[in-house]
Amino acid sequence: MQINLAPGDYLHARHILKHQLDVLSKQVNEIILTVDTRPAKGRFANGWAQYKKAFDSLLIADIQPNYNVKIVPVDYSAEAKSKVAEYFFGKKTIPEKDFRGGPFYVYFFGLYMAKNDLVFHLDSDIFLGGLSQTWVTEAAELFKSNSQYFIISPLPGSPHRDDILIDQSIIKKIAPYTYELRGMSTRLFMIDRSKFKDHKLISAKPNLRNQVKAIIEGNANAQLPEVLLSAFMNKHHFKRLDFLGNGAGLWSLHPPYRTKAFYDDLPALIKRVESNDLPLSQQGFYDIVDEVCDWTEAKEKLKENRWWKRLLNN
């Protein structure tokens, strides 16, 4: 298991990280906490300096003594970057950040540092429900059953009573609460890293508008990792499978915003997810809905930003 972390994640990681480890730590034989060492830009750098000390204390004082984890700072040296770039891209170097200023290299560095070819990756803000203690073993068996499986993930959203998924790009339903989906998300996935021994990713730039944005903001002209990985899947006819698993299974939720209400309610929210105390509107849907967390603050800010953009463009 490999989890991406950065100092700016502190406000949610102080609660969610323990939740993730409690659910998964006994199912895996290695846990890597990949800690970014170079701030990103823009919104991705929020809270970095402010929470750096508290974040370090969280890992050293609260996490390391209680869980069998390896805390691995991201190595940005030329030698390390060369090894990672060669393994995944067949190149001598790759960008550090994507066109938005967000993480790029850290995703591949984390996967590279794992000792196993089956790597279960999570971003630090992912909630897990169902709490299955056999899901990882079940996923490993599925990888063995079909060499075309490249990505296997927990069911997105709490299980819907009608066994449907909402706002997902479904190729086909394989079995109850088991779906083949298009593309992939870097937020949460279990990957068969061995596929990169015979095939390499192809670098790409974003669309022209985002290239211009990257140049203006001083970022690399690098497409998002999930877009490159999705293209890799399509080219080589690999598959993504999302499934619930036996019993209550394992499923995931993602918070679409960051607000004071969200941070304040995190302990209670984790309990609600772990006990599946969620409304019907959350079933089958991956992003946490308004009935579960009050997103009013974030949505009002989005409206205000859109208003200013329209005003400036007129």
# chains A, B, ... in the order shown; residues from 1 in each chain; ligands from 1
>>> select_by_dssp(residues="range 4-151 of chain A", states="helix (DSSP H, G or I)", output="number ranges by chain")
A: 7-27, 42-45, 48-63, 78-89, 105-113, 135-145
>>> residues_around(residues="range 285-297 of chain A", least_positions_apart="6", cutoff="7 Å", atoms="only C-alpha atoms", output="list in words")
Pro156, Gly157, Ser158, Leu165, Ile166, Ser252, Leu253, His254, Pro255, Pro256, Thr259, Ala261, Phe262 and Leu278 of chain A
>>> closest_residue(among="A:Gly245, A:Pro7, A:Tyr263, A:Glu304", to="Lys53 in chain A", atoms="only C-alpha atoms")
A:Pro7
>>> residues_around(residues="Ser147 in chain A", least_positions_apart="2", cutoff="10 Å", atoms="only C-alpha atoms", output="short mmCIF file (atom, residue, chain, number, x, y, z; two decimals) with N, CA and C atoms, in the first residue's frame")
data_model
loop_
_atom_site.label_atom_id
_atom_site.label_comp_id
_atom_site.auth_asym_id
_atom_site.auth_seq_id
_atom_site.Cartn_x
_atom_site.Cartn_y
_atom_site.Cartn_z
N LEU A 142 -8.05 -11.60 -8.49
CA LEU A 142 -8.62 -11.15 -9.76
C LEU A 142 -7.51 -10.80 -10.75
N PHE A 143 -6.44 -10.20 -10.27
CA PHE A 143 -5.30 -9.93 -11.16
C PHE A 143 -4.76 -11.23 -11.76
N LYS A 144 -4.68 -12.26 -10.94
CA LYS A 144 -4.20 -13.55 -11.42
C LYS A 144 -5.14 -14.18 -12.44
N SER A 145 -6.42 -13.89 -12.31
CA SER A 145 -7.43 -14.53 -13.16
C SER A 145 -7.48 -13.98 -14.57
N TYR A 149 -6.18 -7.31 -16.71
CA TYR A 149 -6.49 -6.37 -15.63
C TYR A 149 -5.23 -5.57 -15.27
N PHE A 150 -5.38 -4.26 -15.34
CA PHE A 150 -4.27 -3.34 -15.04
C PHE A 150 -4.56 -2.52 -13.79
N ASP A 192 -1.21 -3.20 -11.39
CA ASP A 192 -0.22 -4.23 -11.69
C ASP A 192 0.96 -3.55 -12.36
N LYS A 195 3.21 -4.45 -15.71
CA LYS A 195 2.88 -4.12 -17.10
C LYS A 195 3.90 -3.16 -17.72
N PHE A 238 -5.72 -2.92 -21.92
CA PHE A 238 -5.79 -3.32 -20.53
C PHE A 238 -7.13 -2.86 -19.95
N LYS A 239 -7.48 -3.43 -18.79
CA LYS A 239 -8.80 -3.19 -18.23
C LYS A 239 -8.74 -2.64 -16.81
#
>>> atom_distance(atom1="CA of Arg161 in chain A", atom2="CA of Phe189 in chain A")
23.9 Å
